[in-house]
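*Asks:* Dumping the structure here so I can ask a few things about it.
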Amino acid sequence: MPNPETFDELAVWNQVLTRMGEDPVTALTGDTVAHDVLGTNYRPIAQAALSRTSWRDATTKAALSKLTEVPAGRYAAKWQLPNDLIKILYVYPPLRYERQGQEILTDETSSIVLDYVRWVPEGDWPDHLREYVVNETLVKCVKGVTGKDPTRQQLAERDKSEREAFNDDSGQQPNFEHLPNPFIDCRG
């Protein structure tokens, strides 16, 4: 696993650029084509990759904080979503809710627990996730940076890293205890 102190967004950019055959950059800001393309596309690509599945290192639970402001309309309460939220997986207790920005509106007034996919700093990514995000970013950004379509080898590397990431992650132990489920709980 990369060192969290040295592996960051810039390190991902530079892995992508060197695999394209381009020179690495020294900062995330600049006036090159690489800065424009990666600066615009990297974060959405990484967030989309993180939201593809319930990655063990990116899935967590949170008890939501109830906001004092009562929503207008059909719901009785507002709850604050976590700042690092990428994708909601499960809301407990099961209920009807509506997401508005960084808030959930619902009729539940006592407590809400959320299972969700969160943004994880690049330095905390396991190797399989890092490799997948680097290859995914390369394939999606190579034409914008170099003017050339991704090669068959680059596409094959992306597909291979994706399969390996899903496979490696599926072998990990869950990082939380699963919430009660009547369909599973009745099994003997």
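Each chain of the structure tokens is named A, B, ... in the order shown, its residues numbered from 1; ligands are numbered from 1 in display order.
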Could you give me, as a PyMOL selection string, the residues within 12 Å of stretch 151-163 of chain A, counting only C-alpha atoms and dropping anything in the same chain fewer than 5 positions from it?
*Replies:* chain A and resi 16+19-21+49-50+52-53+127-143+146+168-170
*Asks:* From chain A, collect each residue whose DSSP state is alpha helix (DSSP H) and return the set as number ranges by chain.
*Replies:* A: 9-20, 33-51, 127-146, 152-170, 182-185
*Asks:* Go ahead and compute the interatomic distance for atom CA of A:Leu28 and atom CA of A:Asn14, in Å to one decimal.
*Replies:*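 We find that atom CA of A:Leu28 and atom CA of A:Asn14 lie 10.0 Å from each other.
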*Asks:* Tell me which of A:Thr18, A:Leu10, A:Asp124, A:Gly73 sits closest to A:His35, counting only C-alpha atoms.
*Replies:* A:Leu10
*Asks:* Tell me, as a ChimeraX atom specification, which residues lie within 10 Å of stretch 79-96 of chain A, counting only C-alpha atoms; anything in the same chain fewer than 6 positions away does not count.
*Replies:* /A:47-48,50-54,58-70,102-109,111-120,179-180
*Asks:* Where in stretch 34-95 of chain A does DSSP assign strand (DSSP E), given as a list in words?
*Replies:*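 Of stretch 34-95 of chain A, only Thr59, Thr60, Lys61, Ala62, Ala63, Ser65, Lys66, Leu67, Ala77, Lys78, Trp79, Gln80, Leu85, Ile86, Lys87, Ile88, Leu89, Tyr90, Val91 and Tyr92 of chain A fall in strand (DSSP E).
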*Asks:* Could you take the residues named above and write them with C-alpha atoms, as a PDB file, in the first residue's frame?
*Replies:*
```pdb
ATOM      1  CA  THR A  59     -17.910   1.821   3.097  1.00  0.00           C
ATOM      2  CA  THR A  60     -18.801   3.058   6.544  1.00  0.00           C
ATOM      3  CA  LYS A  61     -21.683   3.808   8.907  1.00  0.00           C
ATOM      4  CA  ALA A  62     -22.770   7.054  10.457  1.00  0.00           C
ATOM      5  CA  ALA A  63     -25.484   8.120  12.866  1.00  0.00           C
ATOM      6  CA  SER A  65     -27.369  14.536  13.213  1.00  0.00           C
ATOM      7  CA  LYS A  66     -30.888  15.896  13.276  1.00  0.00           C
ATOM      8  CA  LEU A  67     -31.154  19.515  12.204  1.00  0.00           C
ATOM      9  CA  ALA A  77     -37.433  16.160  10.078  1.00  0.00           C
ATOM     10  CA  LYS A  78     -34.139  17.105   8.395  1.00  0.00           C
ATOM     11  CA  TRP A  79     -30.928  15.137   8.924  1.00  0.00           C
ATOM     12  CA  GLN A  80     -27.390  16.243   8.014  1.00  0.00           C
ATOM     13  CA  LEU A  85     -20.611  11.012   1.311  1.00  0.00           C
ATOM     14  CA  ILE A  86     -20.423   9.764  -2.273  1.00  0.00           C
ATOM     15  CA  LYS A  87     -23.318   7.295  -2.365  1.00  0.00           C
ATOM     16  CA  ILE A  88     -26.027   6.204   0.076  1.00  0.00           C
ATOM     17  CA  LEU A  89     -26.202   2.424   0.412  1.00  0.00           C
ATOM     18  CA  TYR A  90     -28.784   1.910   3.127  1.00  0.00           C
ATOM     19  CA  VAL A  91     -30.842   4.003   5.541  1.00  0.00           C
ATOM     20  CA  TYR A  92     -31.869   2.401   8.836  1.00  0.00           C
TER      21      TYR A  92
END
```
